[in-house]
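Enquirer: One file: protein21.cif (mmCIF, C-alpha atoms).
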data_input
#
loop_
_atom_site.label_atom_id
_atom_site.label_comp_id
_atom_site.auth_asym_id
_atom_site.auth_seq_id
_atom_site.Cartn_x
_atom_site.Cartn_y
_atom_site.Cartn_z
CA MET A 7 0.00 0.00 0.00
CA GLN A 8 1.23 3.47 -0.84
CA ILE A 9 0.32 6.52 1.14
CA SER A 10 0.43 10.06 0.05
CA ILE A 11 2.38 12.12 2.51
CA ASP A 12 1.78 15.81 2.60
CA SER A 13 4.55 17.84 0.97
CA SER A 14 5.04 19.71 4.24
CA VAL A 15 6.20 16.39 5.67
CA SER A 16 7.89 14.84 2.63
CA GLU A 17 10.21 17.79 2.11
CA TYR A 18 11.91 16.74 5.36
CA ILE A 19 12.75 13.27 4.07
CA LEU A 20 16.52 13.12 3.45
CA LYS A 21 16.61 9.58 2.07
CA GLU A 22 14.70 6.35 2.01
CA GLU A 23 15.80 2.98 3.34
CA ILE A 24 14.45 -0.51 2.95
CA PHE A 25 14.52 -2.99 5.83
CA GLU A 26 14.03 -6.73 5.51
CA PRO A 27 11.46 -8.62 7.64
CA GLY A 28 12.52 -8.99 11.26
CA SER A 29 15.11 -6.18 11.16
CA VAL A 30 15.39 -4.33 14.43
CA ILE A 31 15.23 -0.65 13.62
CA LEU A 32 15.43 0.73 17.16
CA TRP A 33 16.69 -1.02 20.28
CA GLU A 34 15.05 -0.19 23.58
CA GLY A 35 17.59 1.35 25.97
CA LYS A 36 20.17 2.14 23.26
CA ALA A 37 21.17 5.66 22.34
CA GLY A 38 20.01 7.17 19.08
CA ASP A 39 18.37 10.31 17.85
CA TRP A 40 17.21 9.75 14.29
CA ILE A 41 13.57 10.17 13.42
CA PHE A 42 11.80 8.51 10.54
CA ILE A 43 8.45 8.11 8.94
CA LEU A 44 7.04 4.77 7.86
CA LEU A 45 6.32 4.93 4.14
CA GLU A 46 5.46 1.32 3.40
CA GLY A 47 4.87 -1.78 5.50
CA THR A 48 4.17 -2.43 9.16
CA LEU A 49 6.29 -2.08 12.29
CA LYS A 50 5.89 -3.73 15.67
CA VAL A 51 6.69 -1.77 18.81
CA LYS A 52 8.09 -4.06 21.48
CA LYS A 53 9.09 -3.66 25.08
CA ARG A 54 11.12 -5.84 27.34
CA ALA A 55 8.88 -7.51 29.87
CA GLY A 56 10.01 -10.19 32.25
CA LYS A 57 12.47 -12.37 30.39
CA GLY A 58 11.07 -11.75 26.95
CA MET A 59 9.68 -9.08 24.69
CA ILE A 60 6.05 -8.23 24.13
CA THR A 61 4.47 -6.39 21.26
CA ILE A 62 2.57 -3.40 22.52
CA ASP A 63 1.70 -1.58 19.34
CA THR A 64 1.58 -1.90 15.58
CA LEU A 65 2.50 1.05 13.43
CA ARG A 66 1.25 1.59 9.92
CA GLU A 67 2.11 3.85 7.01
CA GLY A 68 2.41 7.47 8.03
CA ALA A 69 3.54 6.72 11.57
CA VAL A 70 6.48 8.69 12.90
CA VAL A 71 9.05 6.74 14.88
CA GLY A 72 11.89 7.88 17.10
CA GLU A 73 10.40 11.30 17.86
CA MET A 74 10.35 10.81 21.62
CA VAL A 75 13.99 11.76 22.07
CA MET A 76 13.45 15.14 20.44
CA LEU A 77 10.12 15.83 22.16
CA LYS A 78 11.46 14.91 25.57
CA ASN A 79 14.70 16.77 24.98
CA SER A 80 16.38 13.90 26.75
CA GLU A 81 19.57 11.86 26.78
CA GLY A 82 18.44 9.94 23.76
CA LEU A 83 17.81 6.44 25.02
CA ARG A 84 15.17 4.64 23.01
CA THR A 85 12.05 3.88 25.03
CA ALA A 86 10.99 0.83 23.01
CA SER A 87 12.26 -1.46 20.29
CA VAL A 88 10.86 -1.24 16.80
CA VAL A 89 10.95 -4.26 14.50
CA ALA A 90 10.06 -4.61 10.81
CA ASP A 91 6.99 -6.81 10.43
CA GLY A 92 7.62 -7.75 6.83
CA ARG A 93 9.58 -5.64 4.38
CA VAL A 94 9.38 -1.92 5.19
CA ARG A 95 10.36 1.32 3.54
CA LEU A 96 11.31 4.21 5.80
CA GLY A 97 11.90 7.89 5.15
CA ILE A 98 14.69 9.34 7.26
CA LEU A 99 13.74 12.82 8.41
CA ASP A 100 16.08 15.80 8.62
CA LYS A 101 16.64 15.71 12.34
CA GLU A 102 18.76 18.87 12.59
CA ARG A 103 16.16 20.94 10.78
CA LEU A 104 13.34 19.52 12.90
CA GLN A 105 15.31 20.18 16.06
CA ARG A 106 15.99 23.80 15.05
CA GLU A 107 12.33 24.41 14.38
CA TYR A 108 11.27 22.68 17.53
CA GLU A 109 13.52 24.92 19.57
CA LEU A 110 11.87 28.02 18.12
CA LEU A 111 8.67 27.16 19.95
CA SER A 112 7.97 28.92 23.22
CA PRO A 113 9.29 27.18 26.36
CA GLN A 114 5.71 26.70 27.50
CA LEU A 115 4.56 24.92 24.38
CA ARG A 116 7.69 22.78 24.45
CA SER A 117 7.10 21.78 28.04
CA LEU A 118 3.53 20.84 27.13
CA ILE A 119 4.78 18.65 24.32
CA LYS A 120 7.40 17.14 26.59
CA THR A 121 4.67 16.31 29.11
CA LEU A 122 2.74 14.58 26.34
CA ALA A 123 5.81 12.54 25.41
CA LEU A 124 6.47 11.57 29.03
CA ARG A 125 2.85 10.55 29.42
CA LEU A 126 3.09 8.39 26.30
CA GLU A 127 6.23 6.77 27.66
CA GLU A 128 4.64 6.12 31.04
CA THR A 129 1.43 4.73 29.55
CA THR A 130 3.40 2.49 27.21
CA ARG A 131 5.37 1.16 30.16
CA LYS A 132 2.17 0.56 32.08
CA ALA A 133 0.57 -1.22 29.12
CA SER A 134 3.53 -3.56 28.78
CA LEU A 135 3.44 -4.39 32.50
CA LEU A 136 -0.28 -5.09 32.36
CA ALA A 137 0.07 -7.18 29.23
CA LEU A 138 2.61 -9.34 30.99
CA ASN A 139 0.29 -10.20 33.88
CA MET B 13 0.79 43.11 18.55
CA PRO B 14 1.03 40.98 21.66
CA ASP B 15 4.07 38.76 21.95
CA THR B 16 2.73 35.25 21.37
CA LYS B 17 5.72 33.74 23.14
CA VAL B 18 4.54 35.02 26.48
CA PRO B 19 1.01 33.87 27.18
CA PRO B 20 -0.66 35.52 30.15
CA ILE B 21 0.15 33.75 33.37
CA VAL B 22 -2.02 33.64 36.45
CA ARG B 23 -0.90 32.31 39.81
CA LEU B 24 -3.29 30.41 42.04
CA SER B 25 -3.02 28.81 45.47
CA TYR B 26 -4.89 25.77 46.68
CA SER B 27 -5.06 24.49 50.25
CA LYS B 28 -4.47 20.91 51.20
CA GLY B 29 -7.36 18.74 50.03
CA GLU B 30 -8.79 21.23 47.57
CA GLN B 31 -9.78 19.98 44.16
CA ILE B 32 -8.09 21.67 41.20
CA ILE B 33 -9.56 19.71 38.31
CA LYS B 34 -12.61 17.51 38.36
CA GLU B 35 -12.78 14.53 36.04
CA GLY B 36 -15.55 14.96 33.50
CA ASP B 37 -15.58 18.73 33.63
CA TYR B 38 -14.72 20.86 30.66
CA GLY B 39 -11.80 23.22 30.74
CA SER B 40 -8.65 23.89 28.82
CA SER B 41 -6.35 25.61 31.32
CA ILE B 42 -2.93 24.13 31.86
CA TYR B 43 -1.25 24.07 35.27
CA LYS B 44 2.39 24.12 36.27
CA ILE B 45 3.30 23.36 39.87
CA LEU B 46 5.39 26.06 41.57
CA SER B 47 5.34 24.39 44.98
CA GLY B 48 3.57 21.53 46.72
CA ARG B 49 2.39 18.17 45.47
CA VAL B 50 -0.68 17.28 43.45
CA ARG B 51 -2.37 13.91 43.13
CA ILE B 52 -3.87 12.95 39.79
CA PHE B 53 -6.56 10.30 40.00
CA THR B 54 -9.58 8.84 38.28
CA CYS B 55 -12.78 7.58 39.82
CA PHE B 56 -14.70 4.60 38.74
CA GLY B 57 -17.80 4.04 40.79
CA LYS B 58 -16.49 3.93 44.32
CA ASP B 59 -12.93 3.12 43.26
CA THR B 60 -10.24 5.73 42.98
CA THR B 61 -7.06 5.06 41.05
CA THR B 62 -4.06 7.30 41.58
CA LEU B 63 -2.40 7.89 38.25
CA ALA B 64 0.45 10.10 39.37
CA ILE B 65 1.81 12.26 42.13
CA LEU B 66 3.23 15.43 40.68
CA ASP B 67 5.75 17.80 42.12
CA ARG B 68 7.33 21.19 41.52
CA GLY B 69 7.95 21.86 37.84
CA ASP B 70 5.45 19.26 36.65
CA ILE B 71 2.63 20.16 34.31
CA PHE B 72 -0.89 18.82 34.24
CA GLY B 73 -4.10 19.49 32.36
CA GLU B 74 -2.27 19.20 29.04
CA MET B 75 -4.50 16.50 27.59
CA ALA B 76 -7.48 18.82 27.29
CA PHE B 77 -5.21 21.27 25.49
CA PHE B 78 -4.17 18.71 22.89
CA ASN B 79 -7.81 17.62 22.55
CA LEU B 80 -8.63 21.28 21.92
CA GLY B 81 -10.91 21.25 24.95
CA LEU B 82 -13.45 19.14 23.09
CA GLU B 83 -13.19 16.25 25.47
CA PRO B 84 -13.82 16.37 29.19
CA ARG B 85 -11.02 16.22 31.71
CA SER B 86 -9.78 12.67 31.82
CA ALA B 87 -8.71 12.75 35.47
CA SER B 88 -9.09 14.77 38.67
CA ALA B 89 -6.36 16.73 40.43
CA VAL B 90 -6.29 17.47 44.16
CA ALA B 91 -3.81 19.42 46.29
CA MET B 92 -1.95 17.05 48.67
CA GLU B 93 -0.63 19.99 50.66
CA ASP B 94 -0.73 23.75 50.15
CA VAL B 95 0.02 24.22 46.48
CA ALA B 96 1.01 27.19 44.33
CA LEU B 97 0.24 26.90 40.64
CA GLU B 98 0.90 28.81 37.50
CA VAL B 99 -2.12 28.70 35.19
CA TRP B 100 -1.47 29.03 31.49
CA HIS B 101 -4.26 30.25 29.38
CA ALA B 102 -4.82 27.88 26.48
CA ALA B 103 -5.86 30.39 23.83
CA ARG B 104 -2.46 31.88 22.99
CA LEU B 105 -0.71 28.55 23.25
CA SER B 106 -3.20 27.01 20.88
CA ASP B 107 -2.55 29.86 18.43
CA GLU B 108 1.11 28.96 18.55
CA TYR B 109 0.28 25.27 18.21
CA ASN B 110 -1.88 25.93 15.17
CA ASN B 111 0.75 28.08 13.52
CA MET B 112 3.80 25.93 14.06
CA GLN B 113 5.55 23.98 11.32
CA PRO B 114 3.03 21.46 9.93
CA ILE B 115 5.57 18.67 10.28
CA LEU B 116 5.96 19.29 14.00
CA ARG B 117 2.22 19.29 14.43
CA TYR B 118 2.06 16.07 12.40
CA ILE B 119 4.63 14.42 14.67
CA ILE B 120 2.79 15.54 17.81
CA GLN B 121 -0.53 14.32 16.48
CA GLN B 122 1.03 10.94 15.78
CA SER B 123 2.24 10.78 19.40
CA LEU B 124 -1.18 11.80 20.60
CA LYS B 125 -2.81 9.02 18.57
CA ARG B 126 -0.43 6.51 20.08
CA LEU B 127 -1.15 7.81 23.56
CA VAL B 128 -4.88 7.37 22.98
CA ARG B 129 -4.23 3.80 21.78
CA MET B 130 -2.02 3.03 24.78
CA ASN B 131 -4.56 4.49 27.19
CA LYS B 132 -7.18 2.26 25.67
CA ILE B 133 -4.98 -0.79 26.10
CA VAL B 134 -4.30 0.12 29.72
CA ASP B 135 -8.01 0.60 30.31
CA GLU B 136 -8.87 -2.70 28.70
CA LEU B 137 -6.23 -4.59 30.58
CA SER B 138 -7.01 -3.18 33.97
CA SER B 139 -9.91 -4.47 35.98
CA LYS B 140 -11.87 -1.29 35.42
CA LYS B 141 -13.23 -2.74 32.23
CA GLU B 142 -14.94 -5.66 33.94
CA ALA B 143 -16.92 -3.42 36.24
CA ALA B 144 -17.89 -1.17 33.37
CA THR B 145 -19.75 -3.82 31.43
CA GLU B 146 -22.36 -4.08 34.17
CA ILE B 147 -23.52 -0.53 33.80
CA ASP B 148 -25.33 0.95 30.85
CA SER B 149 -22.44 2.71 29.20
CA ARG B 150 -24.43 5.72 28.07
CA VAL B 151 -25.82 6.36 31.53
CA MET B 152 -22.30 5.94 32.86
CA GLN B 153 -20.96 8.47 30.38
CA ARG B 154 -23.53 10.97 31.47
CA GLN B 155 -22.70 10.45 35.12
CA TYR B 156 -19.11 11.18 34.32
CA PHE B 157 -19.07 14.04 31.93
CA ARG B 158 -21.90 16.22 33.04
CA LYS B 159 -21.67 19.78 34.13
CA LYS B 160 -24.03 21.73 36.34
CA TRP B 161 -26.16 24.15 34.41
CA ASP B 162 -29.25 26.01 35.59
CA GLN B 163 -31.11 26.98 32.49
CA GLU B 164 -34.78 27.30 31.66
CA CYS B 165 -36.10 25.29 28.77
CA THR B 166 -39.33 24.32 27.11
CA TYR B 167 -40.30 21.01 25.57
CA LYS B 168 -43.04 19.17 23.77
CA PRO B 169 -43.49 15.70 22.29
CA LEU B 170 -41.31 15.26 19.23
CA GLY B 171 -43.26 15.68 16.01
CA LEU B 172 -46.14 17.53 17.60
CA SER B 173 -46.74 20.65 15.56
CA LYS B 174 -49.29 22.30 17.86
CA SER B 175 -48.05 25.26 19.82
CA PHE B 176 -48.05 23.10 22.94
CA ARG B 177 -45.15 23.73 25.30
CA LEU B 178 -44.21 22.64 28.79
CA SER B 179 -41.46 24.27 30.75
CA GLY B 180 -38.67 22.82 32.81
CA MET B 181 -35.31 23.62 34.24
CA ILE B 182 -32.06 22.11 32.96
CA ARG B 183 -29.85 21.14 35.90
CA ASP B 184 -26.93 19.52 34.15
CA VAL B 185 -25.60 18.94 30.67
CA SER B 186 -23.20 16.60 28.91
CA LEU B 187 -22.47 16.03 25.25
CA ASN B 188 -24.92 13.11 25.36
CA GLY B 189 -27.85 14.75 27.02
CA VAL B 190 -29.27 16.86 29.80
CA GLY B 191 -30.91 16.35 33.15
CA ILE B 192 -34.04 18.47 33.58
CA GLU B 193 -36.37 19.16 36.45
CA VAL B 194 -40.06 19.44 35.62
CA PRO B 195 -43.04 20.13 37.87
CA TYR B 196 -45.31 17.15 38.61
CA GLU B 197 -48.24 19.04 37.17
CA ASN B 198 -46.67 18.67 33.72
CA THR B 199 -47.60 14.98 33.90
CA LYS B 200 -51.24 15.98 33.43
CA GLU B 201 -50.33 17.01 29.90
CA LEU B 202 -47.78 14.33 29.07
CA ARG B 203 -46.90 10.95 30.56
CA HIS B 204 -43.14 11.48 30.92
CA GLU B 205 -42.11 7.88 30.51
CA PRO B 206 -38.76 6.46 29.45
CA GLY B 207 -38.61 6.13 25.68
CA GLU B 208 -40.81 9.17 24.97
CA GLU B 209 -39.22 11.57 22.55
CA LEU B 210 -39.14 15.28 23.25
CA ALA B 211 -38.30 18.38 21.27
CA LEU B 212 -36.32 20.55 23.63
CA ASN B 213 -35.85 24.26 23.18
CA ILE B 214 -33.32 26.33 25.05
CA GLN B 215 -33.53 30.08 24.97
CA PHE B 216 -30.26 31.77 25.95
CA THR B 217 -30.25 35.18 27.58
CA SER B 218 -28.30 36.40 24.55
CA GLY B 219 -31.47 35.84 22.52
CA LYS B 220 -30.02 32.82 20.75
CA SER B 221 -31.94 29.58 20.99
CA ILE B 222 -31.22 25.97 20.18
CA SER B 223 -33.55 23.07 19.55
CA LEU B 224 -32.58 19.53 20.41
CA ASP B 225 -34.36 16.27 19.84
CA SER B 226 -34.10 13.94 22.79
CA ARG B 227 -35.40 10.76 24.32
CA ILE B 228 -36.30 10.19 27.98
CA ARG B 229 -33.89 7.63 29.43
CA SER B 230 -34.71 7.86 33.10
CA VAL B 231 -37.39 9.39 35.32
CA ARG B 232 -37.11 9.81 39.05
CA ARG B 233 -38.38 12.01 41.82
CA SER B 234 -36.33 15.16 42.07
CA ILE B 235 -34.74 16.34 45.28
CA THR B 236 -36.86 19.44 44.78
CA LEU B 237 -40.30 18.72 46.23
CA GLY B 238 -43.04 18.47 43.63
CA TYR B 239 -40.67 17.95 40.73
CA LEU B 240 -39.55 15.08 38.53
CA PHE B 241 -36.00 14.68 37.32
CA LEU B 242 -35.71 13.48 33.72
CA GLY B 243 -32.55 12.13 32.18
CA LEU B 244 -32.69 13.00 28.49
CA GLU B 245 -30.46 11.59 25.81
CA PHE B 246 -29.90 13.69 22.70
CA LYS B 247 -31.06 12.20 19.45
CA ASN B 248 -29.89 13.18 15.93
CA VAL B 249 -28.29 16.34 17.21
CA SER B 250 -26.88 18.69 14.59
CA LYS B 251 -23.17 19.51 14.55
CA ASP B 252 -24.04 23.14 15.24
CA ALA B 253 -25.95 22.27 18.37
CA ILE B 254 -23.10 20.01 19.57
CA ARG B 255 -20.68 22.88 18.96
CA GLU B 256 -22.92 25.21 20.98
CA ILE B 257 -23.05 22.78 23.85
CA SER B 258 -19.35 22.00 23.82
CA MET B 259 -18.51 25.71 23.72
CA PHE B 260 -20.70 26.19 26.73
CA MET B 261 -19.14 23.27 28.51
CA MET B 262 -15.62 24.58 28.05
CA PHE B 263 -16.21 27.52 30.31
#
As structure tokens - that is how I would like this structure written.

Expert:
Amino acid sequence: MQISIDSSVSEYILKEEIFEPGSVILWEGKAGDWIFILLEGTLKVKKRAGKGMITIDTLREGAVVGEMVMLKNSEGLRTASVVADGRVRLGILDKERLQREYELLSPQLRSLIKTLALRLEETTRKASLLALN
Amino acid sequence: MPDTKVPPIVRLSYSKGEQIIKEGDYGSSIYKILSGRVRIFTCFGKDTTTLAILDRGDIFGEMAFFNLGLEPRSASAVAMEDVALEVWHAARLSDEYNNMQPILRYIIQQSLKRLVRMNKIVDELSSKKEAATEIDSRVMQRQYFRKKWDQECTYKPLGLSKSFRLSGMIRDVSLNGVGIEVPYENTKELRHEPGEELALNIQFTSGKSISLDSRIRSVRRSITLGYLFLGLEFKNVSKDAIREISMFMMF
């Protein structure tokens, strides 16, 4: 399936990459700050739980991945793992440009967005704990 | 031109035990804690679940902002000790939000969608869900999201074209319906039984009026002597009317 991405988004895509089924695109707990948009295929979001990993979300075309680090303005540790569920095509976004524009926002709006990101992180953690039990 | 980077800030104090936000109410203010601790919790029937304990520097009330104030507060907030808060007015911040780079807004909306999905999963997985199935979900929704509102109204059976009108008093409102008090003597004219459909008319002091089709869902004796309390559910309500009601409920 192809999706049409608005030009306001697509102009930020630096390059595209293809990942084979099962590729791990982000590792939970590892450093990293790139942000990408899913152009084709499906991704599974997984969290460590107990001794294994559980899938907590499925992302489809148009989803943005890896944005939490920028929104939280944090150290840059990934909060979940993301795995290709089949062959996927990703658009790598211009992180520097996004970061510059993000920092132009007022401190208040940024702290609101950060709160949203923290809440998402917390809720995701809670969901993975509940799913385990 | 006002500087959009500096929205007006109001400071408020709350004493220990005072409620700052009530779940189900409408409002779009955002709070930042200057001192003291605040407990965020949700109620479900008699059960209370603490979602978070927030401290100096933390922000709350942001969900209603991202929902553009169209959804009721998803949790309550209470002062655990004497608390000083900074209140940010949502209007200027939402101007900034609406005017920021579309890609940033796109990214934030994606996060918001995921948060809504995750919240749903948490809800489904926690025991709350089991209790919920026992209660008529629409009645439950109205118990949760209603706001007090004292407003005169008139009504008549739906579809009746005669200039027949009974009057009542709206006591609370939600996006699903209203609760109205009507004098017993109105039952001489109309049975007032669950399932009956009513055309409701609300005349605002501004001169504006709205008409809403509704169905009686519950009838009970009102706490006001000589009155009945009707729970009405809206039926085929126009987008305009919903907008009117949600605007009212935001303030």

Enquirer: Got a sec: who's within 8 Å of segment 239-251 of chain B, counting all atoms listed in the file, leaving out chain neighbours fewer than 4 positions off, as a list in words?

Expert: Asn188, Gly189, Val190, Gly191, Ile192, Glu193, Val194, Pro195, Tyr196, Leu224, Asp225, Ser226, Arg227, Ile228, Arg229, Ser230, Val231, Arg232, Arg233, Ser234, Ile235 and Arg255 of chain B

Enquirer: Expanded to explicit residues, what is the PyMOL selection byres ((chain A) within 9 of (chain B)) for this file, as an NGL selection string?

Expert: :A and (14-16 or 18 or 62-63 or 68-71 or 73-74 or 77 or 104 or 107-108 or 111-115 or 117-119 or 121-123 or 125-127 or 129-130 or 132-134 or 136-137)

Enquirer: What's the separation between atom CA of Thr166 of chain B and atom CA of Leu210 of chain B, in Å to one decimal place?

Expert: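 Value for the atom CA of Thr166 of chain B-atom CA of Leu210 of chain B distance: 9.8 Å.
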
Enquirer: What gap, in Å, lies between atom CA of Arg49 of chain B and atom CA of Asp94 of chain B?

Expert: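 Going from atom CA of Arg49 of chain B over to atom CA of Asp94 of chain B, I get 7.9 Å.
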
Enquirer: In Å, rounded to a single decimal, give me how far atom CA of Ala86 of chain A is from atom CA of Leu65 of chain A.

Expert: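 Separation of atom CA of Leu65 of chain A and atom CA of Ala86 of chain A: 12.8 Å.
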
Enquirer: Find, counting all atoms listed in the file, the residue in A:Glu102, A:Asp12, A:Glu109, A:Leu135 that gets nearest to Gly56 of chain A.

Expert: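 Checking each candidate against Gly56 of chain A, we get A:Leu135 as the closest.
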
Enquirer: Please enumerate the residues selected by the PyMOL selection byres ((chain A and resi 31-34) around 7) when evaluated against the supplied file, formatted as an NGL selection string.

Expert: :A and (29-30 or 35-36 or 84-89)

Enquirer: Leaving out Ile60 of chain A and any residue of its chain fewer than 6 positions from it, which residues lie within 9 Å of it when counting only C-alpha atoms, given as a PDB file with C-alpha atoms, keeping the file's coordinate frame?

Expert:
ATOM      1  CA  VAL A  51       6.690  -1.770  18.810  1.00  0.00           C
ATOM      2  CA  LYS A  52       8.090  -4.060  21.480  1.00  0.00           C
ATOM      3  CA  LYS A  53       9.090  -3.660  25.080  1.00  0.00           C
ATOM      4  CA  ARG A  54      11.120  -5.840  27.340  1.00  0.00           C
ATOM      5  CA  SER A 134       3.530  -3.560  28.780  1.00  0.00           C
ATOM      6  CA  ALA A 137       0.070  -7.180  29.230  1.00  0.00           C
ATOM      7  CA  LEU A 138       2.610  -9.340  30.990  1.00  0.00           C
TER       8      LEU A 138
END

Enquirer: Considering only C-alpha atoms, state which residue in the set A:Lys101, A:Arg66, A:Lys120, A:Arg93 is at the smallest distance from Pro27 of chain A.

Expert: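 Once distances to Pro27 of chain A are computed over only C-alpha atoms, the minimum belongs to A:Arg93.
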
Enquirer: Identify, on the basis of all atoms listed in the file, every residue whose closest approach to Ser47 of chain B does not exceed 12 Å; exclude the query and any residue fewer than 6 positions from it along the same chain; express the result as a short mmCIF file (atom, residue, chain, number, x, y, z; two decimals) with C-alpha atoms, in the frame of the given file.

Expert:
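Saved as selection_26.cif:
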data_model
loop_
_atom_site.label_atom_id
_atom_site.label_comp_id
_atom_site.auth_asym_id
_atom_site.auth_seq_id
_atom_site.Cartn_x
_atom_site.Cartn_y
_atom_site.Cartn_z
CA ARG B 23 -0.90 32.31 39.81
CA LEU B 24 -3.29 30.41 42.04
CA SER B 25 -3.02 28.81 45.47
CA TYR B 26 -4.89 25.77 46.68
CA SER B 27 -5.06 24.49 50.25
CA LEU B 66 3.23 15.43 40.68
CA ASP B 67 5.75 17.80 42.12
CA ARG B 68 7.33 21.19 41.52
CA GLY B 69 7.95 21.86 37.84
CA ASP B 70 5.45 19.26 36.65
CA ILE B 71 2.63 20.16 34.31
CA ALA B 91 -3.81 19.42 46.29
CA MET B 92 -1.95 17.05 48.67
CA GLU B 93 -0.63 19.99 50.66
CA ASP B 94 -0.73 23.75 50.15
CA VAL B 95 0.02 24.22 46.48
CA ALA B 96 1.01 27.19 44.33
CA LEU B 97 0.24 26.90 40.64
CA GLU B 98 0.90 28.81 37.50
#

Enquirer: Do you know which residues are at most 8 Å from Ser223 of chain B counting only C-alpha atoms, after dropping those on the same chain fewer than 2 positions away, and could you put them as a PyMOL selection string?

Expert: chain B and resi 211-214+221+225+253

Enquirer: Would you give the centre and edge lengths, in Å to one decimal, of a box along x, y and z around the listed atoms of segment 11-28 of chain A, with 8 Å added to each side, as JSON?

Expert:
{"center_x": 9.2, "center_y": 5.4, "center_z": 6.1, "size_x": 30.8, "size_y": 44.7, "size_z": 26.3}

Enquirer: Here's the selection I'm unsure about, the PyMOL selection byres ((chain A and resi 25) around 8); applied to the file above, which residues does it give, as a list of chain:residue names?

Expert: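 Output of the PyMOL selection byres ((chain A and resi 25) around 8): A:Glu23, A:Ile24, A:Glu26, A:Pro27, A:Ser29, A:Ala90, A:Arg93, A:Val94, A:Arg95, A:Leu96.
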